[in-house]
Amino acid sequence: MTPLNYDIVILGTGPAGLQAAIHAARRKVSVLVMGRLDKSSLFAAAHIENYCSVLKTSGTELLETGRKQAEAFGAHLLEEDALELEKADRSFVVKSESGKEIQAQVLIVATGAARKKLGLKGEKEWLGRGLSYCVDCDANFFRNQVVAVIGNGSAAATGALTLLKYASKVYLICKQLSVVPSLERQIRESAVELLEGNWIKELRGEDELKEVVLTDTRTLPLNGLFVELGAKGIMELTLNLDIALDPESFRFIVTDKKQATNVPGIFAAGDICGPPFQMAKAVGEGCVAGISAATYVKGQGKEGAEGQEPGHDH
Ligand SMILES: Cc1cc2nc3c(=O)[nH]c(=O)nc-3n(C[C@H](O)[C@H](O)[C@H](O)COP(=O)(O)OP(=O)(O)OC[C@H]3O[C@@H](n4cnc5c(N)ncnc54)[C@H](O)[C@@H]3O)c2cc1C
């Protein structure tokens, strides 16, 4: 099969990948964006109300508009996952799920992060209808309501403290709180009701999640459940490229201020670079990655090509 050739291949059609495509394509380099819109974390986000200048919209609408913008500037979209990446001299070869081979001078990795799930029946159905994986995104929807957070780590503990500012009642369900002593003290001295030595064994509700059954058999009526079990960058694909990961958790890709990884010609943006998992951050990093990647291409692979070209992206 004859390989397709692009200056830049972007892995991921979430906000990071699409923004990178918009900025790169506007600089007149050839751009292919791979991935599925409906696999973006944003697709599941029913309401976005914390993105500057957008009062309230859905994740689906934002992604559809982003896709159209990227295409209007000349980026091509391929709704397929990349299955394999190989380094080939001064370029990369991407193999798609249908067997296409795509040659790229530069890669932008924007494959997002996977949130750990409870693995309970109904978890998918109640997502956005009483169940959330993101306190920062959804706390405001539960003003004066009863909520619970489940998780043992600092994301769950800080999430519970944040929710105190919104909800009328906050439970923290954990097997064993595993956080730094100062955070543990904060939790124990706060109004958060700690249900330690517990977990959830069943979710119940109808159109919306209504209650959870704990392992100690108690039933907890609630309006919202926040699952804060941590996340991990989706980078199985890039493991063979020796991209440096953060030395503490090894869950996310490390980049510099230009979104460049340690591997020349590979940039990364969005959730795969670590928290906070927010669209605004993904878009910002995508913008920088797109500009840096296009500059890299125009410098014919020479590292350190600086700045923007006159007349673009002021
Ligand atoms: C329920 C929910 C609600 C949220 N609410 C908000 C909110 O209100 N405000 C906010 O700012 N943020 C919110 N977020 C977070 C926000 O959605 C993410 O921070 C954002 O989508 C990250 O963008 P990204 O482009 O890095 O990754 P994603 O949007 O997750 O996109 C990843 C992309 O990578 C692609 N991909 C994965 N593997 C491959 C592969 N092998 N080959 C090719 N492509 C691949 C996927 O198909 C997808 O297109 C929410 C998230 C969730 C889950």
# chains A, B, ... in the order shown; residues from 1 in each chain; ligands from 1

call {"tool": "residues_around", "arguments": {"residues": "A:Val254", "least_positions_apart": "2", "cutoff": "12 Å", "atoms": "only C-alpha atoms", "output": "MDAnalysis selection string"}}
result
chainID A and resid 109 233 242:252 256:263 266:275

call {"tool": "write_last_selection", "arguments": {"atoms": "C-alpha atoms", "output": "mmCIF file, in the first residue's frame"}}
result
data_model
loop_
_atom_site.group_PDB
_atom_site.id
_atom_site.type_symbol
_atom_site.label_atom_id
_atom_site.label_comp_id
_atom_site.auth_asym_id
_atom_site.auth_seq_id
_atom_site.Cartn_x
_atom_site.Cartn_y
_atom_site.Cartn_z
ATOM 1 C CA VAL A 109 -0.050 13.279 20.462
ATOM 2 C CA GLY A 233 -2.901 9.270 29.743
ATOM 3 C CA ASP A 242 10.697 6.513 24.217
ATOM 4 C CA ILE A 243 8.692 9.610 25.042
ATOM 5 C CA ALA A 244 9.510 10.796 28.570
ATOM 6 C CA LEU A 245 6.733 10.456 31.141
ATOM 7 C CA ASP A 246 6.274 12.403 34.360
ATOM 8 C CA PRO A 247 8.675 10.898 36.878
ATOM 9 C CA GLU A 248 6.167 10.799 39.762
ATOM 10 C CA SER A 249 3.237 8.868 38.350
ATOM 11 C CA PHE A 250 4.478 7.734 34.892
ATOM 12 C CA ARG A 251 0.930 8.408 33.708
ATOM 13 C CA PHE A 252 1.399 11.514 31.576
ATOM 14 C CA ASP A 256 8.297 21.906 27.496
ATOM 15 C CA LYS A 257 6.641 25.302 27.014
ATOM 16 C CA LYS A 258 6.355 24.679 23.266
ATOM 17 C CA GLN A 259 4.571 21.397 23.961
ATOM 18 C CA ALA A 260 7.623 19.559 22.598
ATOM 19 C CA THR A 261 8.401 16.153 24.076
ATOM 20 C CA ASN A 262 11.935 14.846 24.548
ATOM 21 C CA VAL A 263 11.701 13.197 21.091
ATOM 22 C CA ILE A 266 6.895 14.794 18.595
ATOM 23 C CA PHE A 267 4.661 17.251 20.421
ATOM 24 C CA ALA A 268 1.859 16.537 22.892
ATOM 25 C CA ALA A 269 -1.154 18.448 24.190
ATOM 26 C CA GLY A 270 -4.241 18.135 26.366
ATOM 27 C CA ASP A 271 -5.231 15.603 29.012
ATOM 28 C CA ILE A 272 -2.381 13.291 28.009
ATOM 29 C CA CYS A 273 -0.013 15.889 29.491
ATOM 30 C CA GLY A 274 -1.717 15.624 32.882
ATOM 31 C CA PRO A 275 -4.209 17.506 35.057
#

call {"tool": "select_by_dssp", "arguments": {"residues": "stretch 34-240 of chain A", "states": "strand (DSSP E or B)", "output": "ChimeraX atom specification"}}
result
/A:34,48,51,54,57,76-78,82-88,91-96,101-109,113-115,127,131-132,146-150,169-174,193-196,200-205,209-214,219-221,224-227,231-233

call {"tool": "residues_near_ligand", "arguments": {"ligand": "ligand 1", "cutoff": "7 Å", "atoms": "only C-alpha atoms and all ligand atoms", "output": "VMD selection string"}}
result
chain A and resid 11 to 17 34 to 42 44 to 51 80 to 83 110 to 113 127 to 128 132 to 134 137 to 138 234 237 269 to 272 277 to 280 282

call {"tool": "atom_distance", "arguments": {"atom1": "atom CA of A:Gln145", "atom2": "atom CA of A:Glu61"}}
result
27.9 Å

call {"tool": "atom_distance", "arguments": {"atom1": "atom CA of A:Gln69", "atom2": "atom CA of A:Val33"}}
result
12.5 Å

call {"tool": "select_by_dssp", "arguments": {"residues": "stretch 53-265 of chain A", "states": "alpha helix (DSSP H)", "output": "CSV table (one decimal) with C-alpha atoms, in the first residue's frame"}}
result
chain,number,residue,atom,x,y,z
A,59,GLY,CA,-19.4,18.8,24.3
A,60,THR,CA,-20.8,17.4,21.1
A,61,GLU,CA,-21.6,20.8,19.7
A,62,LEU,CA,-18.1,22.1,20.5
A,63,LEU,CA,-16.4,19.1,18.9
A,64,GLU,CA,-18.6,19.3,15.7
A,65,THR,CA,-17.8,23.0,15.4
A,66,GLY,CA,-14.1,22.4,16.0
A,67,ARG,CA,-14.0,19.7,13.3
A,68,LYS,CA,-15.7,22.0,10.8
A,69,GLN,CA,-13.2,24.8,11.6
A,70,ALA,CA,-10.2,22.5,11.2
A,71,GLU,CA,-11.5,21.2,7.9
A,72,ALA,CA,-12.3,24.8,6.7
A,135,VAL,CA,-15.7,17.9,40.3
A,136,ASP,CA,-14.1,21.0,38.7
A,137,CYS,CA,-16.4,20.6,35.7
A,138,ASP,CA,-19.7,19.7,37.4
A,154,SER,CA,-6.1,13.4,46.9
A,155,ALA,CA,-8.4,14.0,43.9
A,156,ALA,CA,-11.3,12.6,45.9
A,157,ALA,CA,-10.4,14.5,49.1
A,158,THR,CA,-9.9,17.9,47.4
A,159,GLY,CA,-13.0,17.2,45.3
A,160,ALA,CA,-15.1,16.7,48.5
A,161,LEU,CA,-13.7,20.0,50.0
A,162,THR,CA,-14.5,21.8,46.7
A,163,LEU,CA,-18.1,20.4,46.8
A,181,PRO,CA,-1.5,14.5,56.7
A,182,SER,CA,-2.5,18.2,56.1
A,183,LEU,CA,-5.2,17.2,53.7
A,184,GLU,CA,-6.4,14.4,55.9
A,185,ARG,CA,-6.7,16.9,58.8
A,186,GLN,CA,-8.6,19.3,56.6
A,187,ILE,CA,-11.1,16.6,55.7
A,188,ARG,CA,-11.6,15.4,59.2
A,189,GLU,CA,-12.1,18.9,60.5
